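> Contents of entry_11.cif (mmCIF, C-alpha atoms, pLDDT in the B column; chains and numbers go by the auth columns):
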data_my_file
loop_
_atom_site.group_PDB
_atom_site.id
_atom_site.type_symbol
_atom_site.label_atom_id
_atom_site.label_comp_id
_atom_site.label_asym_id
_atom_site.label_seq_id
_atom_site.Cartn_x
_atom_site.Cartn_y
_atom_site.Cartn_z
_atom_site.B_iso_or_equiv
_atom_site.auth_seq_id
_atom_site.auth_asym_id
ATOM 1 C CA MET A 1 15.389 -40.294 -30.432 54.00 1 F
ATOM 2 C CA SER A 2 12.948 -42.568 -28.623 59.00 2 F
ATOM 3 C CA VAL A 3 12.280 -46.143 -29.572 61.00 3 F
ATOM 4 C CA GLU A 4 8.736 -47.389 -29.297 73.00 4 F
ATOM 5 C CA LEU A 5 8.597 -50.673 -27.443 74.00 5 F
ATOM 6 C CA LYS A 6 6.360 -53.453 -28.668 87.00 6 F
ATOM 7 C CA MET A 7 4.035 -54.389 -25.809 85.00 7 F
ATOM 8 C CA ILE A 8 2.247 -57.646 -25.143 87.00 8 F
ATOM 9 C CA THR A 9 -0.837 -58.282 -23.074 88.00 9 F
ATOM 10 C CA THR A 10 -1.453 -61.464 -21.168 86.00 10 F
ATOM 11 C CA GLU A 11 -4.110 -62.808 -18.878 87.00 11 F
ATOM 12 C CA ILE A 12 -3.410 -64.302 -15.461 84.00 12 F
ATOM 13 C CA HIS A 13 -5.987 -66.368 -13.613 87.00 13 F
ATOM 14 C CA LEU A 14 -5.761 -66.101 -9.811 83.00 14 F
ATOM 15 C CA PRO A 15 -8.381 -66.423 -7.101 87.00 15 F
ATOM 16 C CA SER A 16 -9.486 -62.890 -6.223 83.00 16 F
ATOM 17 C CA GLU A 17 -9.166 -63.530 -2.491 87.00 17 F
ATOM 18 C CA ILE A 18 -5.387 -63.981 -2.873 86.00 18 F
ATOM 19 C CA LEU A 19 -4.960 -60.469 -4.212 81.00 19 F
ATOM 20 C CA TYR A 20 -7.647 -58.820 -2.119 84.00 20 F
ATOM 21 C CA SER A 21 -6.332 -60.415 1.084 89.00 21 F
ATOM 22 C CA GLN A 22 -3.021 -58.698 0.362 85.00 22 F
ATOM 23 C CA GLY A 23 -4.738 -55.334 -0.060 87.00 23 F
ATOM 24 C CA ILE A 24 -4.309 -55.289 -3.827 84.00 24 F
ATOM 25 C CA GLY A 25 -7.397 -53.795 -5.388 83.00 25 F
ATOM 26 C CA LYS A 26 -8.586 -54.474 -8.907 82.00 26 F
ATOM 27 C CA ASP A 27 -7.182 -51.133 -10.051 85.00 27 F
ATOM 28 C CA ARG A 28 -3.650 -52.035 -8.849 87.00 28 F
ATOM 29 C CA ILE A 29 -3.313 -55.634 -10.045 87.00 29 F
ATOM 30 C CA GLU A 30 -1.568 -54.794 -13.330 89.00 30 F
ATOM 31 C CA TYR A 31 1.000 -52.548 -11.603 92.00 31 F
ATOM 32 C CA PHE A 32 1.576 -55.131 -8.844 91.00 32 F
ATOM 33 C CA VAL A 33 2.226 -57.972 -11.314 91.00 33 F
ATOM 34 C CA LYS A 34 4.383 -55.799 -13.600 94.00 34 F
ATOM 35 C CA LYS A 35 6.456 -54.446 -10.694 96.00 35 F
ATOM 36 C CA ASN A 36 7.112 -57.869 -9.205 95.00 36 F
ATOM 37 C CA PHE A 37 7.891 -59.411 -12.589 95.00 37 F
ATOM 38 C CA LEU A 38 10.467 -56.689 -13.291 96.00 38 F
ATOM 39 C CA LEU A 39 11.929 -56.965 -9.782 97.00 39 F
ATOM 40 C CA GLU A 40 12.461 -60.680 -10.341 96.00 40 F
ATOM 41 C CA LEU A 41 14.142 -60.064 -13.702 95.00 41 F
ATOM 42 C CA TYR A 42 16.424 -57.532 -11.996 93.00 42 F
ATOM 43 C CA ARG A 43 17.175 -59.935 -9.129 93.00 43 F
ATOM 44 C CA GLU A 44 18.230 -62.522 -11.743 93.00 44 F
ATOM 45 C CA GLY A 45 20.463 -59.965 -13.497 88.00 45 F
ATOM 46 C CA LYS A 46 18.366 -59.983 -16.675 92.00 46 F
ATOM 47 C CA ILE A 47 17.341 -56.300 -16.635 88.00 47 F
ATOM 48 C CA SER A 48 19.074 -53.131 -15.468 86.00 48 F
ATOM 49 C CA LEU A 49 17.966 -50.780 -12.726 88.00 49 F
ATOM 50 C CA GLY A 50 17.489 -47.988 -15.259 85.00 50 F
ATOM 51 C CA LYS A 51 15.377 -50.136 -17.584 87.00 51 F
ATOM 52 C CA MET A 52 13.238 -51.316 -14.689 91.00 52 F
ATOM 53 C CA ALA A 53 12.633 -47.726 -13.560 91.00 53 F
ATOM 54 C CA GLN A 54 11.817 -46.678 -17.131 89.00 54 F
ATOM 55 C CA LEU A 55 9.273 -49.470 -17.590 91.00 55 F
ATOM 56 C CA LEU A 56 7.610 -48.598 -14.271 94.00 56 F
ATOM 57 C CA GLU A 57 7.672 -44.905 -15.244 93.00 57 F
ATOM 58 C CA MET A 58 9.601 -43.729 -12.193 91.00 58 F
ATOM 59 C CA ASN A 59 12.980 -42.186 -11.455 88.00 59 F
ATOM 60 C CA LEU A 60 15.944 -44.109 -10.057 86.00 60 F
ATOM 61 C CA PHE A 61 15.413 -42.854 -6.495 89.00 61 F
ATOM 62 C CA GLU A 62 11.803 -44.058 -6.508 93.00 62 F
ATOM 63 C CA MET A 63 12.948 -47.386 -7.937 91.00 63 F
ATOM 64 C CA LEU A 64 15.577 -47.777 -5.215 92.00 64 F
ATOM 65 C CA GLY A 65 12.822 -47.189 -2.641 95.00 65 F
ATOM 66 C CA ILE A 66 10.661 -49.888 -4.232 95.00 66 F
ATOM 67 C CA MET A 67 13.629 -52.263 -4.190 95.00 67 F
ATOM 68 C CA LYS A 68 14.296 -51.501 -0.522 95.00 68 F
ATOM 69 C CA ASP A 69 10.646 -52.073 0.389 95.00 69 F
ATOM 70 C CA SER A 70 10.716 -55.350 -1.567 95.00 70 F
ATOM 71 C CA ASN A 71 14.020 -56.533 -0.039 95.00 71 F
ATOM 72 C CA VAL A 72 15.683 -56.673 -3.458 95.00 72 F
ATOM 73 C CA PRO A 73 19.432 -55.974 -3.161 92.00 73 F
ATOM 74 C CA LEU A 74 21.199 -53.594 -5.504 90.00 74 F
ATOM 75 C CA ASN A 75 23.204 -55.518 -8.120 85.00 75 F
ATOM 76 C CA TYR A 76 26.406 -53.525 -7.813 82.00 76 F
ATOM 77 C CA GLY A 77 29.673 -55.369 -7.735 81.00 77 F
ATOM 78 C CA VAL A 78 33.342 -54.744 -8.377 84.00 78 F
ATOM 79 C CA ALA A 79 32.877 -54.696 -12.165 80.00 79 F
ATOM 80 C CA GLU A 80 30.237 -51.945 -11.927 76.00 80 F
ATOM 81 C CA LEU A 81 32.429 -49.962 -9.513 79.00 81 F
ATOM 82 C CA LYS A 82 35.407 -50.160 -11.887 83.00 82 F
ATOM 83 C CA GLU A 83 33.215 -49.074 -14.787 78.00 83 F
ATOM 84 C CA ASP A 84 31.889 -46.113 -12.776 75.00 84 F
ATOM 85 C CA ILE A 85 35.434 -45.078 -11.793 82.00 85 F
ATOM 86 C CA GLU A 86 36.570 -45.259 -15.417 84.00 86 F
ATOM 87 C CA THR A 87 33.584 -43.160 -16.490 77.00 87 F
ATOM 88 C CA ALA A 88 34.248 -40.611 -13.744 80.00 88 F
ATOM 89 C CA ASN A 89 37.911 -40.423 -14.809 84.00 89 F
ATOM 90 C CA ARG A 90 36.954 -39.892 -18.465 84.00 90 F
ATOM 91 C CA LEU A 91 34.609 -37.109 -17.411 81.00 91 F
ATOM 92 C CA GLY A 92 37.252 -35.553 -15.179 82.00 92 F
ATOM 93 C CA LEU A 93 35.163 -36.017 -12.033 81.00 93 F
ATOM 94 C CA LEU A 94 37.938 -37.673 -10.007 76.00 94 F
ATOM 95 C CA ASP A 95 41.358 -36.377 -9.116 69.00 95 F
ATOM 96 C CA GLU A 96 44.379 -38.527 -8.332 61.00 96 F
ATOM 97 C CA ASP A 97 43.859 -38.277 -4.527 59.00 97 F
ATOM 98 C CA SER A 98 40.311 -39.671 -4.616 55.00 98 F
ATOM 99 C CA GLN A 99 41.246 -43.046 -6.149 54.00 99 F
#
Would you put the structure from the file into structure tokens?


Amino acid sequence: MSVELKMITTEIHLPSEILYSQGIGKDRIEYFVKKNFLLELYREGKISLGKMAQLLEMNLFEMLGIMKDSNVPLNYGVAELKEDIETANRLGLLDEDSQ
């Protein structure tokens, strides 16, 4: 079951030379702003990696590449590691020697 997301549209006023001097053409402005907005939300811990990838319509490996290129660190701490280990145990993916 998919849930349709309610979208909003906004207008941003910037001098064109700022974007064009960075090599961002008119056809890429929306993607550029959306990508950087989502990266900032992720950096602040307000959105997950999976949600960010979904909203940018890419897979996790592509998203990790974007993050690397943008110098955005992966938010993965001890709590996430413990959760992943518990999930792997529940699924029978780990044996006693691998813990």

> With only C-alpha atoms as the counted atoms, please give the residues lying no more than 12 Å from range 34-47 of chain F, apart from itself and same-chain residues fewer than 6 positions off, as a list in words.

Ile8, Thr9, Thr10, Ile12, Arg28, Ala53, Gln54, Leu55, Leu56, Glu57, Met58, Met63, Leu64, Ile66, Met67, Lys68, Asp69, Ser70, Asn71, Val72, Pro73, Leu74, Asn75, Tyr76 and Gly77 of chain F

> I need the residue nearest Leu5 in chain F from this list: F:Glu17, F:Lys51, F:Lys82, F:Gly23. Use only C-alpha atoms for the distance.

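With only C-alpha atoms as the atom set, the closest residue is F:Lys51.
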
> For CA of Ile18 in chain F and CA of Leu49 in chain F, quote the distance in Å rounded to one decimal.

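Here the two named atoms are 28.6 Å from each other.
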
> In Å, how far is it from CA of Phe32 in chain F to CA of Leu14 in chain F?

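Spanning CA of Phe32 in chain F to CA of Leu14 in chain F is a straight-line distance of 13.2 Å.
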
> Separation of CA of Ala79 in chain F and CA of Asn59 in chain F, in Å?

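Computed distance, CA of Ala79 in chain F to CA of Asn59 in chain F, equals 23.5 Å.
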
> Would you fill out range 9-45 of chain F with N, CA and C atoms and return it as an mmCIF file, keeping the file's coordinate frame?


data_model
loop_
_atom_site.group_PDB
_atom_site.id
_atom_site.type_symbol
_atom_site.label_atom_id
_atom_site.label_comp_id
_atom_site.auth_asym_id
_atom_site.auth_seq_id
_atom_site.Cartn_x
_atom_site.Cartn_y
_atom_site.Cartn_z
ATOM 1 N N THR F 9 0.168 -58.195 -24.128
ATOM 2 C CA THR F 9 -0.837 -58.282 -23.074
ATOM 3 C C THR F 9 -1.083 -59.752 -22.806
ATOM 4 N N THR F 10 -1.195 -60.088 -21.539
ATOM 5 C CA THR F 10 -1.453 -61.464 -21.168
ATOM 6 C C THR F 10 -2.539 -61.489 -20.105
ATOM 7 N N GLU F 11 -3.059 -62.638 -19.869
ATOM 8 C CA GLU F 11 -4.110 -62.808 -18.878
ATOM 9 C C GLU F 11 -3.613 -63.794 -17.828
ATOM 10 N N ILE F 12 -3.823 -63.443 -16.567
ATOM 11 C CA ILE F 12 -3.410 -64.302 -15.461
ATOM 12 C C ILE F 12 -4.649 -64.645 -14.652
ATOM 13 N N HIS F 13 -4.832 -65.911 -14.375
ATOM 14 C CA HIS F 13 -5.987 -66.368 -13.613
ATOM 15 C C HIS F 13 -5.554 -66.691 -12.184
ATOM 16 N N LEU F 14 -6.041 -65.905 -11.233
ATOM 17 C CA LEU F 14 -5.761 -66.101 -9.811
ATOM 18 C C LEU F 14 -7.060 -65.937 -9.037
ATOM 19 N N PRO F 15 -7.204 -66.659 -7.949
ATOM 20 C CA PRO F 15 -8.381 -66.423 -7.101
ATOM 21 C C PRO F 15 -8.338 -64.997 -6.551
ATOM 22 N N SER F 16 -9.446 -64.291 -6.648
ATOM 23 C CA SER F 16 -9.486 -62.890 -6.223
ATOM 24 C C SER F 16 -9.118 -62.714 -4.762
ATOM 25 N N GLU F 17 -9.458 -63.701 -3.915
ATOM 26 C CA GLU F 17 -9.166 -63.530 -2.491
ATOM 27 C C GLU F 17 -7.670 -63.468 -2.199
ATOM 28 N N ILE F 18 -6.842 -64.065 -3.069
ATOM 29 C CA ILE F 18 -5.387 -63.981 -2.873
ATOM 30 C C ILE F 18 -4.931 -62.530 -2.986
ATOM 31 N N LEU F 19 -5.364 -61.856 -4.022
ATOM 32 C CA LEU F 19 -4.960 -60.469 -4.212
ATOM 33 C C LEU F 19 -5.634 -59.551 -3.204
ATOM 34 N N TYR F 20 -6.922 -59.707 -3.024
ATOM 35 C CA TYR F 20 -7.647 -58.820 -2.119
ATOM 36 C C TYR F 20 -7.187 -58.989 -0.680
ATOM 37 N N SER F 21 -6.807 -60.200 -0.279
ATOM 38 C CA SER F 21 -6.332 -60.415 1.084
ATOM 39 C C SER F 21 -4.994 -59.728 1.321
ATOM 40 N N GLN F 22 -4.283 -59.415 0.254
ATOM 41 C CA GLN F 22 -3.021 -58.698 0.362
ATOM 42 C C GLN F 22 -3.207 -57.191 0.188
ATOM 43 N N GLY F 23 -4.451 -56.759 0.085
ATOM 44 C CA GLY F 23 -4.738 -55.334 -0.060
ATOM 45 C C GLY F 23 -4.502 -54.811 -1.466
ATOM 46 N N ILE F 24 -4.535 -55.689 -2.443
ATOM 47 C CA ILE F 24 -4.309 -55.289 -3.827
ATOM 48 C C ILE F 24 -5.657 -55.210 -4.524
ATOM 49 N N GLY F 25 -6.110 -53.997 -4.743
ATOM 50 C CA GLY F 25 -7.397 -53.795 -5.388
ATOM 51 C C GLY F 25 -7.335 -54.047 -6.880
ATOM 52 N N LYS F 26 -8.489 -54.184 -7.475
ATOM 53 C CA LYS F 26 -8.586 -54.474 -8.907
ATOM 54 C C LYS F 26 -7.840 -53.438 -9.752
ATOM 55 N N ASP F 27 -7.832 -52.202 -9.305
ATOM 56 C CA ASP F 27 -7.182 -51.133 -10.051
ATOM 57 C C ASP F 27 -5.653 -51.170 -9.952
ATOM 58 N N ARG F 28 -5.097 -51.979 -9.044
ATOM 59 C CA ARG F 28 -3.650 -52.035 -8.849
ATOM 60 C C ARG F 28 -3.023 -53.368 -9.267
ATOM 61 N N ILE F 29 -3.830 -54.305 -9.720
ATOM 62 C CA ILE F 29 -3.313 -55.634 -10.045
ATOM 63 C C ILE F 29 -2.261 -55.571 -11.147
ATOM 64 N N GLU F 30 -2.522 -54.852 -12.221
ATOM 65 C CA GLU F 30 -1.568 -54.794 -13.330
ATOM 66 C C GLU F 30 -0.226 -54.241 -12.863
ATOM 67 N N TYR F 31 -0.249 -53.135 -12.102
ATOM 68 C CA TYR F 31 1.000 -52.548 -11.603
ATOM 69 C C TYR F 31 1.722 -53.532 -10.684
ATOM 70 N N PHE F 32 0.988 -54.184 -9.793
ATOM 71 C CA PHE F 32 1.576 -55.131 -8.844
ATOM 72 C C PHE F 32 2.295 -56.265 -9.578
ATOM 73 N N VAL F 33 1.638 -56.859 -10.564
ATOM 74 C CA VAL F 33 2.226 -57.972 -11.314
ATOM 75 C C VAL F 33 3.429 -57.480 -12.120
ATOM 76 N N LYS F 34 3.294 -56.345 -12.790
ATOM 77 C CA LYS F 34 4.383 -55.799 -13.600
ATOM 78 C C LYS F 34 5.595 -55.486 -12.723
ATOM 79 N N LYS F 35 5.373 -54.813 -11.601
ATOM 80 C CA LYS F 35 6.456 -54.446 -10.694
ATOM 81 C C LYS F 35 7.195 -55.686 -10.205
ATOM 82 N N ASN F 36 6.472 -56.677 -9.756
ATOM 83 C CA ASN F 36 7.112 -57.869 -9.205
ATOM 84 C C ASN F 36 7.796 -58.708 -10.278
ATOM 85 N N PHE F 37 7.246 -58.726 -11.465
ATOM 86 C CA PHE F 37 7.891 -59.411 -12.589
ATOM 87 C C PHE F 37 9.235 -58.748 -12.900
ATOM 88 N N LEU F 38 9.236 -57.414 -12.988
ATOM 89 C CA LEU F 38 10.467 -56.689 -13.291
ATOM 90 C C LEU F 38 11.481 -56.810 -12.159
ATOM 91 N N LEU F 39 11.016 -56.781 -10.917
ATOM 92 C CA LEU F 39 11.929 -56.965 -9.782
ATOM 93 C C LEU F 39 12.610 -58.326 -9.845
ATOM 94 N N GLU F 40 11.874 -59.341 -10.234
ATOM 95 C CA GLU F 40 12.461 -60.680 -10.341
ATOM 96 C C GLU F 40 13.478 -60.745 -11.475
ATOM 97 N N LEU F 41 13.169 -60.115 -12.608
ATOM 98 C CA LEU F 41 14.142 -60.064 -13.702
ATOM 99 C C LEU F 41 15.413 -59.347 -13.256
ATOM 100 N N TYR F 42 15.265 -58.256 -12.504
ATOM 101 C CA TYR F 42 16.424 -57.532 -11.996
ATOM 102 C C TYR F 42 17.220 -58.401 -11.026
ATOM 103 N N ARG F 43 16.524 -59.064 -10.120
ATOM 104 C CA ARG F 43 17.175 -59.935 -9.129
ATOM 105 C C ARG F 43 18.010 -61.011 -9.826
ATOM 106 N N GLU F 44 17.528 -61.490 -10.970
ATOM 107 C CA GLU F 44 18.230 -62.522 -11.743
ATOM 108 C C GLU F 44 19.308 -61.941 -12.660
ATOM 109 N N GLY F 45 19.450 -60.605 -12.670
ATOM 110 C CA GLY F 45 20.463 -59.965 -13.497
ATOM 111 C C GLY F 45 20.094 -59.871 -14.962
#
